[in-house]
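**Q** Right, I'll just put the structure down here and ask away after.
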Amino acid sequence: TWELRKMRKIIKKKLTFALLFNGFSMKCPILPCFLLAVALLSASCNKDVITYAEQLEAQQKSISKFIDNNGFLVIDSIPSNVPWEDNEGRKMFYLSKSGLYLHVVDTGRQAGKTVNNTLVCVRYTECSMEGDTTYSNMDYATDPIEIYFNTVSTGTGSSTYYWGDCKAWHEPLNYVGDLGHVMIIAPASVGMPYYSAGNRMLARYYDLRYTFWK
């Protein structure tokens with residue numbers, strides 16, 4: 001029948017290809033080894049690739065662990081008392097829509113009335129989610145970082161960009177003013193650009209103090 005003849009042709013082609021490949025492999029025995037090496041390398045590379053979802057999951061686990069280790073509380077509404085603490089003195093961090101965790105220590109002057117492009121001097125301490133201090137200019141031996149409220153610096157030639165500027169530093173100024181003091185946990189999505197570069201997403205903790213330029 002026609003179906004039988006078609007099946008015989010397919011089997012003949014497969015047998016011919018198998019014989020040719022086997023003959024070529026005998027003449028060039030390195031080929032099978034090469035193909036095996038390529039396959040193994042490909043599998044190894046795939047194991048090393050971390051997906052975006054996996055990066056986010058790892059980051060969230062590090063944030064949750066940091067919060068637990070420090071006895072912080074996460075809340076979904078703005079407290080009426082300052083500093084933001086519960087009756088037992090535990091620091092309360094408001095989780096904003098942007099993903100920022102914010103704790104207000106002192107609202108300072110004219111809280112929440114900061115005008116766009118106000119020049120603000122920032123002194124801060126930065127810590128990893130493991131609790132290690134990675135940078136601080138709190139000792140006044142170094143100059144503060146200057147930011148313009150609601151204008152995040154992205155210029156690579158800017159010293160502000162080099163040392164730091166991110167959305168996470170601007171958002172608290174919606175709740176505090178001149179001489180305001182806050183603590184934040186900034187996920188990579190609102191943090192410094194270099195903490196979301198490459199195959200990683202790193203959250204950072206900041207102790208921030210704002211002084212308006214006069």
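Residue numbering restarts at 1 for every chain of the structure tokens, chains are lettered A, B, ... in their displayed order, and ligands are numbered from 1 as they appear.
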Extract, using only C-alpha atoms, all DNA, RNA and protein residues at most 12 Å from stretch 83-89 of chain A, discarding same-chain residues fewer than 2 positions from it, and format them as a list in words.

**A**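 Residues meeting the cut-off are Gly71, Phe72, Leu73, Val74, Ile75, Ser77, Ile78, Pro79, Ser80, Asn81, Lys91, Met92, Phe93, Tyr94, Leu102, His103, Val104, Val105, Asp106, Thr107, Gly108, Tyr175, Val176, Gly180, His181, Val182 and Met183 of chain A.
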
**Q** Do a neighbour search on stretch 129-144 of chain A at 10 Å with only C-alpha atoms, toss out local chain neighbours closer than 6 positions, and write the hits as a list in words.

**A**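 Neighbouring residues, sequence-local ones excluded: Gln59, Lys61, Ser62, Ile63, Ser64, Lys65, Phe66, Ile67, Asn69, Asn70, Val120, Cys121, Val122, Arg123, Thr160, Trp163, Ile185, Leu202, Ala203, Arg204, Tyr205, Tyr206, Asp207, Leu208, Arg209, Tyr210 and Thr211 of chain A.
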
**Q** Could you check which of A:Leu173, A:Leu95, A:Pro187, A:Cys166 is closest to A:Thr118, using only C-alpha atoms?

**A** A:Leu173

**Q** Which distance in Å separates atom CA of A:Pro193 and atom CA of A:Lys113, to one decimal?

**A**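 Between these atoms lies a distance of 27.3 Å.
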
**Q** Would you give me, as a PyMOL selection string, the residues in stretch 109-176 of chain A that DSSP reads as strand (DSSP E or B)?

**A** chain A and resi 109+119-127+133-136+145-148+151

**Q** Emit the selected residues as a compact mmCIF listing (two decimals), in the first residue's frame, including C-alpha atoms.

**A**
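In the end it all went to part.txt:
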```txt
# COMPACT_ATOMS: atom_id res chain seq x y z
CA ARG A 109 10.42 70.91 60.25
CA LEU A 119 18.36 71.02 47.54
CA VAL A 120 18.73 68.51 50.37
CA CYS A 121 21.97 67.42 52.05
CA VAL A 122 21.91 63.77 53.08
CA ARG A 123 24.00 62.03 55.69
CA TYR A 124 23.57 58.31 55.92
CA THR A 125 24.75 54.90 57.00
CA GLU A 126 24.28 52.02 54.59
CA CYS A 127 24.09 48.38 55.69
CA THR A 133 27.99 48.57 57.40
CA THR A 134 29.05 49.25 53.80
CA TYR A 135 29.35 53.04 53.97
CA SER A 136 28.71 55.97 56.30
CA ILE A 145 25.40 63.84 49.50
CA GLU A 146 23.33 66.52 47.76
CA ILE A 147 20.05 65.59 46.13
CA TYR A 148 17.26 67.60 44.53
CA THR A 151 14.76 64.65 40.71
```

**Q** Among the residues of stretch 39-195 of chain A, find those DSSP assigns to helix (DSSP H, G or I) from the backbone and print them as JSON, numbers by chain.

**A** {"A": [39, 40, 41, 42, 43, 44, 45, 46, 47, 48, 52, 53, 54, 55, 56, 57, 58, 59, 60, 61, 62, 63, 64, 65, 66, 67, 68, 69, 70, 159, 160, 161, 162, 163, 167, 168, 169, 170, 171, 172, 173, 174, 193, 194, 195]}

**Q** Ranking A:Asp76, A:Val152, A:Glu54, A:Tyr194 by minimum distance to A:Lys97 and counting only C-alpha atoms, which one comes first?

**A**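 Distance minimum relative to A:Lys97 lands on A:Asp76.
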
**Q** What's the separation between atom CA of A:Val115 and atom CA of A:Ser189, in Å to one decimal place?

**A**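 Here the two named atoms are 24.2 Å from each other.
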
**Q** Go through A:Pro172, A:Gly191, A:Gly99, A:Gly177 and flag the residue nearest A:Ala111, using only C-alpha atoms for the distances.

**A** A:Gly177

**Q** Ranking A:Ile50, A:Asn150, A:Ala58, A:Glu171 by minimum distance to A:Ser96 and counting only C-alpha atoms, which one comes first?

**A**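 For A:Ser96, the nearest of the candidates is A:Glu171.
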
**Q** So the first atom is atom CA of A:Leu179 and the second is atom CA of A:Gly112; what is the distance between them in Å, to one decimal place?

**A**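 These atoms are spaced 12.2 Å apart.
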